[in-house]
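What follows is the content of input.cif, which has mmCIF, C-alpha atoms and all ligand atoms:
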data_run
#
loop_
_atom_site.label_atom_id
_atom_site.label_comp_id
_atom_site.auth_asym_id
_atom_site.auth_seq_id
_atom_site.Cartn_x
_atom_site.Cartn_y
_atom_site.Cartn_z
CA MET Z 17 -9.45 43.33 -87.92
CA THR Z 18 -12.70 44.32 -86.25
CA LEU Z 19 -12.37 45.22 -82.58
CA PRO Z 20 -15.06 44.82 -79.95
CA PRO Z 21 -17.27 47.91 -80.35
CA ASN Z 22 -17.74 50.59 -77.72
CA VAL Z 23 -21.43 49.97 -77.13
CA TYR Z 24 -21.78 53.08 -74.97
CA ASP Z 25 -21.12 55.47 -77.86
CA ALA Z 26 -24.27 57.07 -79.26
CA GLU Z 27 -24.97 57.72 -82.94
CA PRO Z 28 -24.01 61.14 -84.28
CA ILE Z 29 -26.82 63.70 -84.07
CA PRO Z 30 -28.21 64.44 -87.57
CA GLU Z 31 -26.56 67.47 -89.09
CA ALA Z 32 -29.83 69.37 -89.42
CA ALA Z 33 -29.67 69.92 -85.65
CA ALA Z 34 -26.52 72.03 -85.96
CA ALA Z 35 -28.09 74.82 -88.03
CA GLU Z 36 -31.09 75.04 -85.71
CA ILE Z 37 -28.87 75.12 -82.63
CA ALA Z 38 -26.74 77.87 -84.20
CA ARG Z 39 -29.93 79.86 -84.82
CA LEU Z 40 -31.04 79.38 -81.20
CA LEU Z 41 -27.63 80.37 -79.87
CA GLN Z 42 -27.71 83.49 -82.03
CA SER Z 43 -31.14 84.57 -80.82
CA GLY Z 44 -30.73 83.29 -77.27
CA ASP Z 45 -34.26 81.91 -77.56
CA LEU Z 46 -33.82 78.80 -75.41
CA PHE Z 47 -36.96 78.92 -73.26
CA ARG Z 48 -39.98 77.13 -74.67
CA TYR Z 49 -42.48 79.85 -73.72
CA THR Z 50 -40.67 82.94 -75.06
CA ALA Z 51 -41.94 82.63 -78.63
CA PRO Z 52 -45.67 83.19 -79.11
CA GLN Z 53 -45.91 79.93 -81.06
CA ASP Z 54 -43.92 77.21 -82.85
CA ALA Z 55 -41.03 77.09 -80.39
CA PRO Z 56 -38.86 74.00 -81.04
CA VAL Z 57 -40.34 72.27 -77.98
CA ALA Z 58 -43.89 72.90 -79.24
CA LEU Z 59 -42.96 71.60 -82.69
CA LEU Z 60 -41.37 68.51 -81.16
CA GLU Z 61 -44.57 67.85 -79.20
CA ARG Z 62 -46.69 68.13 -82.33
CA GLU Z 63 -44.38 65.85 -84.32
CA PHE Z 64 -44.11 63.29 -81.54
CA ALA Z 65 -47.89 63.18 -81.07
CA ASP Z 66 -48.26 62.72 -84.83
CA MET Z 67 -45.72 59.93 -84.92
CA MET Z 68 -47.48 58.09 -82.09
CA GLY Z 69 -51.03 58.88 -83.16
CA ALA Z 70 -51.74 60.45 -79.75
CA LYS Z 71 -53.93 63.51 -79.22
CA TYR Z 72 -51.52 65.28 -76.90
CA ALA Z 73 -47.80 65.26 -76.13
CA LEU Z 74 -45.93 67.16 -73.40
CA ALA Z 75 -42.13 67.31 -73.57
CA VAL Z 76 -40.40 67.53 -70.18
CA ALA Z 77 -36.98 67.29 -68.56
CA SER Z 78 -36.83 63.46 -68.34
CA CYS Z 79 -38.90 60.31 -68.47
CA SER Z 80 -38.78 60.31 -64.68
CA ALA Z 81 -40.39 63.75 -64.69
CA ALA Z 82 -43.02 62.44 -67.11
CA LEU Z 83 -43.77 59.51 -64.78
CA PHE Z 84 -44.00 61.85 -61.77
CA LEU Z 85 -46.29 64.26 -63.63
CA SER Z 86 -48.45 61.34 -64.80
CA LEU Z 87 -49.17 60.36 -61.21
CA LYS Z 88 -49.82 63.98 -60.26
CA ALA Z 89 -52.06 64.44 -63.32
CA LEU Z 90 -54.18 61.46 -62.24
CA ASP Z 91 -54.84 63.33 -58.98
CA LEU Z 92 -54.04 60.32 -56.83
CA PRO Z 93 -54.43 60.73 -53.08
CA ARG Z 94 -51.34 60.91 -50.89
CA GLY Z 95 -50.09 57.40 -50.16
CA ALA Z 96 -51.89 55.91 -53.18
CA LYS Z 97 -50.66 52.44 -54.08
CA VAL Z 98 -49.01 52.16 -57.49
CA LEU Z 99 -48.17 48.72 -58.87
CA ILE Z 100 -44.84 48.43 -60.70
CA PRO Z 101 -42.83 45.46 -61.90
CA ALA Z 102 -40.02 44.62 -59.47
CA PHE Z 103 -37.65 44.54 -62.47
CA THR Z 104 -37.22 48.16 -63.49
CA PHE Z 105 -34.86 51.08 -63.06
CA ALA Z 106 -34.60 52.75 -59.62
CA ALA Z 107 -35.90 56.03 -61.10
CA VAL Z 108 -39.33 54.42 -61.53
CA PRO Z 109 -40.14 53.69 -57.86
CA SER Z 110 -38.42 57.03 -57.16
CA SER Z 111 -40.95 58.88 -59.33
CA ILE Z 112 -43.70 57.28 -57.24
CA VAL Z 113 -42.08 58.33 -53.97
CA HIS Z 114 -41.63 61.82 -55.43
CA ALA Z 115 -45.39 61.97 -56.11
CA ASP Z 116 -46.13 61.04 -52.44
CA CYS Z 117 -47.43 57.63 -53.51
CA THR Z 118 -46.39 54.14 -52.47
CA PRO Z 119 -44.88 51.66 -54.92
CA VAL Z 120 -46.08 48.06 -54.71
CA LEU Z 121 -43.62 45.69 -56.37
CA VAL Z 122 -44.98 42.89 -58.53
CA GLU Z 123 -43.04 39.72 -59.32
CA VAL Z 124 -41.34 39.40 -62.70
CA GLY Z 125 -40.69 36.02 -64.30
CA ASP Z 126 -37.68 34.49 -66.03
CA ASN Z 127 -38.85 36.08 -69.28
CA TYR Z 128 -38.47 39.62 -67.76
CA ARG Z 129 -42.24 40.18 -67.91
CA ILE Z 130 -44.75 40.79 -65.16
CA ASP Z 131 -46.02 37.67 -63.40
CA MET Z 132 -49.74 37.94 -64.05
CA ASP Z 133 -50.77 35.82 -61.04
CA ASP Z 134 -48.94 38.18 -58.69
CA PHE Z 135 -50.31 41.18 -60.59
CA ALA Z 136 -53.90 39.93 -60.23
CA ALA Z 137 -53.30 39.21 -56.54
CA LYS Z 138 -51.94 42.70 -55.85
CA LEU Z 139 -54.33 44.74 -58.02
CA PRO Z 140 -57.19 44.93 -55.48
CA GLY Z 141 -56.49 48.05 -53.42
CA ALA Z 142 -54.15 49.56 -56.00
CA ASP Z 143 -54.88 53.11 -57.20
CA ALA Z 144 -52.75 53.05 -60.35
CA VAL Z 145 -50.52 50.75 -62.36
CA MET Z 146 -47.18 51.82 -63.84
CA ILE Z 147 -45.93 49.29 -66.35
CA SER Z 148 -42.22 49.50 -67.07
CA HIS Z 149 -41.60 47.68 -70.31
CA MET Z 150 -38.15 47.06 -68.88
CA ARG Z 151 -35.38 46.87 -71.49
CA GLY Z 152 -38.21 46.97 -74.04
CA HIS Z 153 -39.71 43.61 -72.98
CA THR Z 154 -43.48 44.01 -73.22
CA SER Z 155 -45.58 42.34 -70.54
CA ASP Z 156 -48.96 40.85 -71.41
CA MET Z 157 -50.81 44.09 -72.12
CA ASP Z 158 -54.05 42.28 -72.99
CA ALA Z 159 -54.23 40.73 -69.54
CA ILE Z 160 -52.99 43.87 -67.76
CA MET Z 161 -55.50 46.17 -69.48
CA ALA Z 162 -58.40 43.73 -68.99
CA LEU Z 163 -57.71 43.40 -65.26
CA ALA Z 164 -56.99 47.12 -64.74
CA ASP Z 165 -60.03 48.26 -66.74
CA THR Z 166 -62.30 45.91 -64.83
CA ALA Z 167 -60.90 47.25 -61.56
CA GLY Z 168 -61.16 50.86 -62.80
CA VAL Z 169 -57.45 51.43 -62.20
CA PRO Z 170 -55.55 53.73 -64.62
CA VAL Z 171 -52.46 52.40 -66.38
CA ILE Z 172 -49.33 54.45 -67.06
CA GLU Z 173 -46.85 52.95 -69.50
CA ASP Z 174 -43.17 53.55 -68.80
CA ALA Z 175 -42.08 53.14 -72.41
CA ALA Z 176 -38.59 54.62 -71.91
CA HIS Z 177 -37.09 51.63 -73.73
CA SER Z 178 -40.02 50.84 -76.00
CA LEU Z 179 -40.21 53.55 -78.62
CA GLY Z 180 -41.09 51.73 -81.85
CA THR Z 181 -42.34 48.58 -80.11
CA THR Z 182 -45.85 47.43 -81.02
CA TRP Z 183 -48.38 45.08 -79.41
CA HIS Z 184 -50.99 43.67 -81.81
CA GLY Z 185 -49.74 46.44 -84.12
CA ARG Z 186 -50.57 49.17 -81.55
CA LYS Z 187 -47.74 51.43 -80.46
CA ILE Z 188 -46.46 50.81 -76.96
CA GLY Z 189 -47.15 53.94 -74.93
CA THR Z 190 -50.61 54.41 -76.46
CA ILE Z 191 -52.29 51.44 -74.77
CA GLY Z 192 -52.52 52.78 -71.21
CA ARG Z 193 -54.03 56.16 -70.22
CA ILE Z 194 -50.57 57.79 -70.38
CA GLY Z 195 -47.30 56.79 -72.07
CA CYS Z 196 -43.87 58.12 -71.04
CA PHE Z 197 -40.64 58.12 -73.06
CA SER Z 198 -37.04 59.20 -72.46
CA PHE Z 199 -34.53 61.21 -74.50
CA GLN Z 200 -31.61 60.20 -72.26
CA SER Z 201 -28.59 59.16 -74.33
CA TYR Z 202 -29.03 55.39 -73.93
CA LYS Z 203 -32.54 55.49 -75.44
CA LEU Z 204 -33.64 55.49 -79.07
CA LEU Z 205 -33.88 59.31 -79.24
CA ASN Z 206 -30.91 61.09 -77.70
CA ALA Z 207 -30.95 64.65 -76.37
CA GLY Z 208 -28.66 63.88 -73.45
CA GLU Z 209 -31.66 64.42 -71.17
CA GLY Z 210 -35.37 64.83 -71.77
CA GLY Z 211 -38.65 63.00 -71.90
CA VAL Z 212 -42.18 63.17 -73.22
CA LEU Z 213 -45.63 62.15 -72.03
CA ILE Z 214 -48.49 61.29 -74.38
CA THR Z 215 -52.20 60.88 -73.69
CA ASP Z 216 -55.62 61.24 -75.29
CA ASP Z 217 -57.14 62.49 -72.03
CA PRO Z 218 -57.58 66.32 -71.96
CA GLU Z 219 -57.92 66.41 -68.17
CA VAL Z 220 -54.63 64.55 -67.70
CA MET Z 221 -52.91 66.69 -70.32
CA ALA Z 222 -54.10 70.00 -68.88
CA ARG Z 223 -53.02 69.08 -65.37
CA ALA Z 224 -49.64 67.75 -66.54
CA VAL Z 225 -48.96 70.83 -68.69
CA ILE Z 226 -49.69 73.27 -65.88
CA MET Z 227 -47.68 71.31 -63.31
CA SER Z 228 -44.75 70.96 -65.71
CA GLY Z 229 -44.41 74.74 -65.45
CA ALA Z 230 -46.91 76.41 -67.83
CA TYR Z 231 -47.44 79.32 -65.44
CA GLU Z 232 -50.08 82.03 -66.00
CA HIS Z 233 -51.49 81.56 -69.51
CA ASN Z 234 -48.62 79.70 -71.13
CA TRP Z 235 -50.96 76.73 -71.44
CA GLN Z 236 -52.40 78.56 -74.44
CA LYS Z 237 -49.30 77.45 -76.35
CA HIS Z 238 -50.40 73.80 -75.93
CA LYS Z 239 -52.96 72.51 -78.37
CA ALA Z 240 -54.39 69.21 -79.52
CA ARG Z 241 -52.87 67.60 -82.59
CA PRO Z 242 -54.19 69.34 -85.73
CA GLY Z 243 -57.50 67.78 -86.74
CA GLU Z 244 -58.37 67.07 -83.10
CA ASN Z 245 -60.77 69.22 -81.14
CA SER Z 246 -58.91 71.52 -78.70
CA ASP Z 247 -62.03 72.76 -76.84
CA ASP Z 248 -61.93 69.99 -74.22
CA LEU Z 249 -58.33 70.86 -73.50
CA ALA Z 250 -59.05 74.60 -73.24
CA ARG Z 251 -61.91 73.89 -70.81
CA ALA Z 252 -59.65 71.67 -68.70
CA PHE Z 253 -56.96 74.38 -68.60
CA ALA Z 254 -59.53 76.95 -67.47
CA ARG Z 255 -60.74 74.57 -64.76
CA TRP Z 256 -57.24 74.09 -63.31
CA GLN Z 257 -55.93 77.67 -63.65
CA ASN Z 258 -54.10 78.70 -60.43
CA ARG Z 259 -55.14 75.50 -58.67
CA LEU Z 260 -52.02 73.40 -59.21
CA PRO Z 261 -48.39 73.65 -58.10
CA LEU Z 262 -45.73 74.41 -60.72
CA TYR Z 263 -43.02 71.76 -60.55
CA ASN Z 264 -41.06 73.41 -63.40
CA THR Z 265 -39.69 70.39 -65.16
CA ARG Z 266 -39.78 71.77 -68.69
CA LEU Z 267 -37.63 70.90 -71.70
CA SER Z 268 -35.37 73.51 -73.30
CA ASN Z 269 -35.48 74.46 -76.97
CA LEU Z 270 -31.92 73.19 -77.37
CA ALA Z 271 -32.90 69.65 -76.41
CA ALA Z 272 -35.91 69.79 -78.72
CA ALA Z 273 -33.72 70.96 -81.60
CA ILE Z 274 -31.51 67.92 -81.03
CA VAL Z 275 -34.39 65.43 -80.94
CA ARG Z 276 -36.52 66.72 -83.83
CA PRO Z 277 -34.26 65.63 -86.72
CA GLN Z 278 -33.91 62.21 -85.07
CA LEU Z 279 -37.63 61.44 -85.37
CA ALA Z 280 -37.14 60.55 -89.03
CA GLU Z 281 -34.46 58.06 -87.94
CA VAL Z 282 -36.81 56.08 -85.69
CA PRO Z 283 -37.98 53.50 -88.28
CA ARG Z 284 -34.39 52.78 -89.33
CA ARG Z 285 -33.14 52.51 -85.74
CA VAL Z 286 -36.05 50.19 -84.89
CA ARG Z 287 -35.43 48.01 -87.92
CA ASP Z 288 -31.67 47.78 -87.34
CA GLY Z 289 -32.07 47.21 -83.60
CA ARG Z 290 -34.45 44.33 -84.21
CA ARG Z 291 -32.18 42.85 -86.88
CA ASN Z 292 -29.15 43.05 -84.56
CA TYR Z 293 -31.04 41.54 -81.68
CA ASP Z 294 -32.47 38.65 -83.73
CA TYR Z 295 -29.05 37.91 -85.18
CA VAL Z 296 -27.13 37.83 -81.90
CA ALA Z 297 -29.98 36.17 -79.97
CA ALA Z 298 -30.11 33.27 -82.45
CA ARG Z 299 -26.36 32.77 -82.26
CA ILE Z 300 -26.01 32.80 -78.49
CA ALA Z 301 -29.13 30.67 -77.97
CA ALA Z 302 -27.21 27.81 -79.58
CA SER Z 303 -25.08 27.64 -76.42
CA PRO Z 304 -26.27 24.98 -73.93
CA TRP Z 305 -25.67 27.46 -71.06
CA ILE Z 306 -27.69 30.35 -72.49
CA ASP Z 307 -31.43 30.86 -72.72
CA VAL Z 308 -32.88 33.83 -74.58
CA PRO Z 309 -36.53 34.14 -73.49
CA GLU Z 310 -39.07 34.36 -76.31
CA LYS Z 311 -41.10 37.54 -76.73
CA LEU Z 312 -44.85 37.26 -76.31
CA GLY Z 313 -46.81 36.62 -79.51
CA PRO Z 314 -48.44 40.05 -80.12
CA GLU Z 315 -45.17 41.95 -79.58
CA GLN Z 316 -42.91 43.41 -82.29
CA ARG Z 317 -39.78 44.56 -80.50
CA ALA Z 318 -37.46 47.55 -80.98
CA PRO Z 319 -34.45 46.47 -78.89
CA ASP Z 320 -31.23 48.38 -78.30
CA SER Z 321 -29.88 45.87 -75.80
CA LEU Z 322 -29.85 42.14 -75.25
CA GLN Z 323 -30.84 40.16 -72.16
CA PHE Z 324 -30.36 36.46 -71.67
CA ASN Z 325 -30.33 33.95 -68.80
CA LEU Z 326 -27.43 31.71 -67.84
CA VAL Z 327 -28.55 28.11 -67.41
CA GLY Z 328 -27.07 25.79 -64.79
CA LEU Z 329 -24.23 28.07 -63.60
CA THR Z 330 -23.44 28.54 -59.92
CA GLU Z 331 -22.95 32.07 -58.60
CA ALA Z 332 -19.16 31.63 -58.80
CA GLN Z 333 -19.43 30.40 -62.39
CA THR Z 334 -21.73 33.30 -63.24
CA LEU Z 335 -19.13 35.75 -61.91
CA ALA Z 336 -16.44 33.91 -63.86
CA PHE Z 337 -18.62 34.21 -66.98
CA GLN Z 338 -18.84 38.01 -66.51
CA ASP Z 339 -15.04 38.17 -66.22
CA ALA Z 340 -14.49 35.89 -69.23
CA ALA Z 341 -16.78 38.03 -71.42
CA LYS Z 342 -14.93 41.15 -70.24
CA ALA Z 343 -11.60 39.51 -71.13
CA ARG Z 344 -13.02 38.94 -74.60
CA GLY Z 345 -13.84 42.66 -74.82
CA VAL Z 346 -17.59 42.55 -74.17
CA SER Z 347 -19.16 43.93 -71.02
CA VAL Z 348 -21.98 41.76 -69.69
CA GLN Z 349 -23.63 42.60 -66.39
CA VAL Z 350 -25.63 40.16 -64.36
CA PHE Z 351 -28.27 42.46 -62.86
CA GLY Z 352 -28.23 40.84 -59.42
CA LEU Z 353 -24.47 40.34 -59.16
CA SER Z 354 -23.01 43.69 -60.17
CA THR Z 355 -22.50 45.83 -57.08
CA ASP Z 356 -25.18 48.45 -56.37
CA ASN Z 357 -27.03 47.75 -59.64
CA ALA Z 358 -29.93 50.24 -59.86
CA ARG Z 359 -32.16 47.57 -61.44
CA ALA Z 360 -31.94 45.16 -58.50
CA PHE Z 361 -34.90 45.89 -56.23
CA TRP Z 362 -33.00 45.10 -53.00
CA ASN Z 363 -30.83 48.14 -53.72
CA TRP Z 364 -33.85 50.48 -53.54
CA GLN Z 365 -33.23 51.12 -49.86
CA PHE Z 366 -35.04 54.47 -50.05
CA LEU Z 367 -38.26 52.41 -50.03
CA GLY Z 368 -37.51 51.11 -46.56
CA GLU Z 369 -37.93 47.37 -46.36
CA THR Z 370 -38.45 45.78 -49.78
CA PRO Z 371 -40.67 42.71 -49.92
CA ASP Z 372 -39.33 39.24 -50.59
CA LEU Z 373 -39.78 38.60 -54.29
CA PRO Z 374 -38.18 35.19 -54.89
CA ARG Z 375 -39.06 34.85 -58.57
CA THR Z 376 -37.69 38.27 -59.51
CA ARG Z 377 -34.62 37.72 -57.36
CA ALA Z 378 -33.91 34.35 -58.99
CA MET Z 379 -34.21 35.92 -62.43
CA LEU Z 380 -31.92 38.86 -61.55
CA MET Z 381 -29.24 36.44 -60.30
CA LYS Z 382 -28.87 34.81 -63.72
CA ALA Z 383 -30.10 37.49 -66.16
CA CYS Z 384 -27.36 39.13 -68.21
CA ASP Z 385 -27.51 42.55 -69.76
CA THR Z 386 -25.48 43.82 -72.68
CA ARG Z 387 -25.98 46.83 -74.87
CA LEU Z 388 -26.60 46.29 -78.58
CA PRO Z 389 -27.07 49.65 -80.29
CA ALA Z 390 -28.69 49.81 -83.72
CA ARG Z 391 -25.55 51.24 -85.32
CA LEU Z 392 -23.45 48.06 -84.85
CA THR Z 393 -22.13 46.30 -87.95
CA GLN Z 394 -22.34 42.59 -88.64
CA PRO Z 395 -18.64 41.94 -87.82
CA GLU Z 396 -19.19 43.73 -84.51
CA LEU Z 397 -22.26 41.63 -83.81
CA ASP Z 398 -20.23 38.51 -84.58
CA ILE Z 399 -17.61 39.59 -82.03
CA ILE Z 400 -20.26 40.15 -79.36
CA ALA Z 401 -21.98 36.80 -80.04
CA ALA Z 402 -18.66 34.93 -80.08
CA ALA Z 403 -17.54 36.62 -76.85
CA ILE Z 404 -20.74 35.60 -75.06
CA THR Z 405 -20.79 31.98 -76.22
CA GLY Z 406 -17.00 31.78 -75.84
CA ALA Z 407 -17.16 33.07 -72.26
CA ALA Z 408 -19.76 30.41 -71.40
CA GLU Z 409 -17.52 27.78 -72.98
CA ASP Z 410 -14.47 29.13 -71.09
CA VAL Z 411 -16.24 28.65 -67.77
CA MET Z 412 -18.38 25.58 -68.43
CA GLY Z 413 -16.68 23.75 -71.27
CA ALA Z 414 -14.09 22.10 -69.06
CA GLU Z 415 -16.79 20.80 -66.75
CA ARG Z 416 -18.65 19.31 -69.66
CA ARG Z 417 -15.56 17.70 -71.10
CA PHE Z 418 -14.34 16.26 -67.81
CA GLY Z 419 -17.73 15.68 -66.28
CA THR Z 420 -16.84 17.32 -62.96
C1 LIG Z 501 -34.12 55.25 -68.71
C2 LIG Z 501 -35.34 54.74 -68.06
C3 LIG Z 501 -36.10 55.55 -67.22
C4 LIG Z 501 -35.67 56.95 -66.82
O1 LIG Z 501 -35.55 57.82 -67.90
P1 LIG Z 501 -34.91 59.27 -67.63
O2 LIG Z 501 -35.26 60.04 -68.86
O3 LIG Z 501 -33.44 59.07 -67.47
O4 LIG Z 501 -35.56 59.81 -66.41
C5 LIG Z 501 -37.27 55.04 -66.70
N1 LIG Z 501 -37.67 53.78 -66.98
C6 LIG Z 501 -36.95 52.96 -67.77
C7 LIG Z 501 -37.46 51.59 -68.07
C8 LIG Z 501 -35.77 53.40 -68.33
O5 LIG Z 501 -35.05 52.58 -69.10
#
So, in terms of structure tokens, how does the structure I just supplied come out?
Ligand SMILES: *Cc1c(COP(=O)(O)O)cnc(C)c1O
Amino acid sequence: MTLPPNVYDAEPIPEAAAAEIARLLQSGDLFRYTAPQDAPVALLEREFADMMGAKYALAVASCSAALFLSLKALDLPRGAKVLIPAFTFAAVPSSIVHADCTPVLVEVGDNYRIDMDDFAAKLPGADAVMISHMRGHTSDMDAIMALADTAGVPVIEDAAHSLGTTWHGRKIGTIGRIGCFSFQSYKLLNAGEGGVLITDDPEVMARAVIMSGAYEHNWQKHKARPGENSDDLARAFARWQNRLPLYNTRLSNLAAAIVRPQLAEVPRRVRDGRRNYDYVAARIAASPWIDVPEKLGPEQRAPDSLQFNLVGLTEAQTLAFQDAAKARGVSVQVFGLSTDNARAFWNWQFLGETPDLPRTRAMLMKACDTRLPARLTQPELDIIAAAITGAAEDVMGAERRFGT
């Protein structure tokens, strides 16, 4: 009999990592700047830039560090206003606070995507835009880029959950000025911790590299992707020498050695994640109490989790649904109802008073979150789908039958 899967387990790390890690342990060469060239971190950057078709990649300690460095690299003034969707992870507004800027929260609709009316209303006066493609749901990038470009406001993409997602066939993370990704264990590439920033802008890259901790002339170990001109980058490095603080948020060679052999797995993980999502989404959408919002037309998703909205349930029934799913072996969290959830904006008390965002709040009170890793098998997917629809039936079926 198939049991409910442990959706928090990661995939095994490809075996090729073990030999490279043994070599690093033997030599003790764990720091990215010890070797004159081709350190594992430098190789990872080259391979990641190649995979994404970006000119430059900088690997750092986390996606949060990449977001922080992005803001610093844009040279925003202290207190600069940065638009973010109000549905994101607490680390995102935190990165803005860390960079001495001010987050401005934008409403998010029932489909988990940025409300473009609120975005357009809040864009005047903003100095930058940071788009979290939260849980891999891509907002309308055509509209966002058109508005931001017209206003002359740079766009950073928080693509922590969007590796492998495309928009009109373009890779998410390459549409804005800067794209940021995570190697934390719940993301598509798993090094435990880590992140990477990509850009085609030499000025942004040079500033981010230096501030990430390329002290003295270590920036010489950063180059453009082969085939791209590195002169612009070298000039930018020379311009910023000794003029920027060193925040030292580098990645270690060990983490790079763990990520590199996973890059070849990305297409398979994307394909399987999408297949799993489409399969479970279609099955649970048949329930009268469940709505799975449609993706936007130009988007091809790469999901590793599933979000859906409960329809017509009171708060008490929603809580009962969570419990019923748990009893059936599947953990489902309603973002707005699980205590201290880091994705509910009213819990970001470090911001001081958060604005009233009724649309986002209403969504968070009925939006359910469950993990759906690419490695799951069809019988496991069947168990998850049956647990979700069964839990809704447990709570609501009696009401329907007896018309209470
Ligand atoms: C995980 C995540 C982050 C933070 O990534 P870290 O590497 O843990 O700092 C930021 N944004 C989103 C949307 C995420 O899912």
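We find atom P1 of ligand LIG 501 (chain Z) and atom CA of His233 of chain Z to be spaced 27.8 Å apart.
Atom CA of Ala378 of chain Z to atom CA of Ser80 of chain Z spans 27.0 Å [interatomic distance, one decimal].
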Practice item. Compute the set of protein, DNA and RNA residues whose minimum atom distance to ligand LIG 501 (chain Z) is at most 7 Å, using only C-alpha atoms and all ligand atoms, and state it as a list in words. Key: Ser78, Cys79, Ser80, Ala81, Thr104, Phe105, Ala107, Val108, Ser148, His149, Met150, Arg151, Asp174, Ala175, Ala176, His177, Ser198, Phe199, Gln200, Lys203, Glu209, Gly210 and Gly211 of chain Z
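When only C-alpha atoms are used to compute distances to Ala75 of chain Z, the closest of the residues Z:Val296, Z:Leu322, Z:Val225, Z:Met132 turns out to be Z:Val225.
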Study note, to complete from the structure: Of Z:Arg276, Z:Ala162, Z:Pro283, Z:Pro20, the one sitting nearest Lys342 of chain Z when using only C-alpha atoms is Z:Pro20
Review point. Counting only C-alpha atoms, which of Z:Ala96, Z:Ala102, Z:Ala407, Z:Ala358 gets nearest to Arg344 of chain Z?
Key: Z:Ala407
Give me the residues of segment 49-89 of chain Z that have any atom at most 12 Å from an atom of segment 260-270 of chain Z; for each, the nearest atom pair and the distance in Å, rounded to one decimal. Use only C-alpha atoms, sort by chain and number, and format it as a tab-separated table.
residue	atom	partner	partner_atom	distance
Z:Tyr49	CA	Z:Asn269	CA	9.4
Z:Thr50	CA	Z:Asn269	CA	10.1
Z:Ala51	CA	Z:Asn269	CA	10.5
Z:Asp54	CA	Z:Asn269	CA	10.6
Z:Ala55	CA	Z:Asn269	CA	7.0
Z:Pro56	CA	Z:Asn269	CA	5.3
Z:Val57	CA	Z:Asn269	CA	5.4
Z:Ala58	CA	Z:Asn269	CA	8.8
Z:Leu59	CA	Z:Asn269	CA	9.8
Z:Leu60	CA	Z:Asn269	CA	9.4
Z:Glu61	CA	Z:Leu267	CA	10.7
Z:Leu74	CA	Z:Arg266	CA	9.0
Z:Ala75	CA	Z:Leu267	CA	6.1
Z:Val76	CA	Z:Arg266	CA	4.5
Z:Ala77	CA	Z:Leu267	CA	4.8
Z:Ser78	CA	Z:Thr265	CA	8.1
Z:Cys79	CA	Z:Thr265	CA	10.6
Z:Ser80	CA	Z:Thr265	CA	10.1
Z:Ala81	CA	Z:Thr265	CA	6.7
Z:Ala82	CA	Z:Thr265	CA	8.8
Z:Leu83	CA	Z:Thr265	CA	11.6
Z:Phe84	CA	Z:Tyr263	CA	10.0
Z:Leu85	CA	Z:Tyr263	CA	8.7
Z:Lys88	CA	Z:Leu260	CA	9.7
Z:Ala89	CA	Z:Leu260	CA	9.9
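The smallest atom-to-atom distance between Pro170 of chain Z and any of Z:Ile188, Z:Leu99, Z:His114, Z:Asp158, using all atoms listed in the file, is found for Z:Leu99.
Distance annotation: of Z:Leu312, Z:Leu19, Z:Ile300, Z:Ile29, the residue with the minimal separation from His184 of chain Z is Z:Leu312; atom set is only C-alpha atoms.
Counting all atoms listed in the file, the residue from Z:Leu388, Z:Val327, Z:Ala106, Z:Ala34 that sits nearest to Ala297 of chain Z is Z:Leu388.
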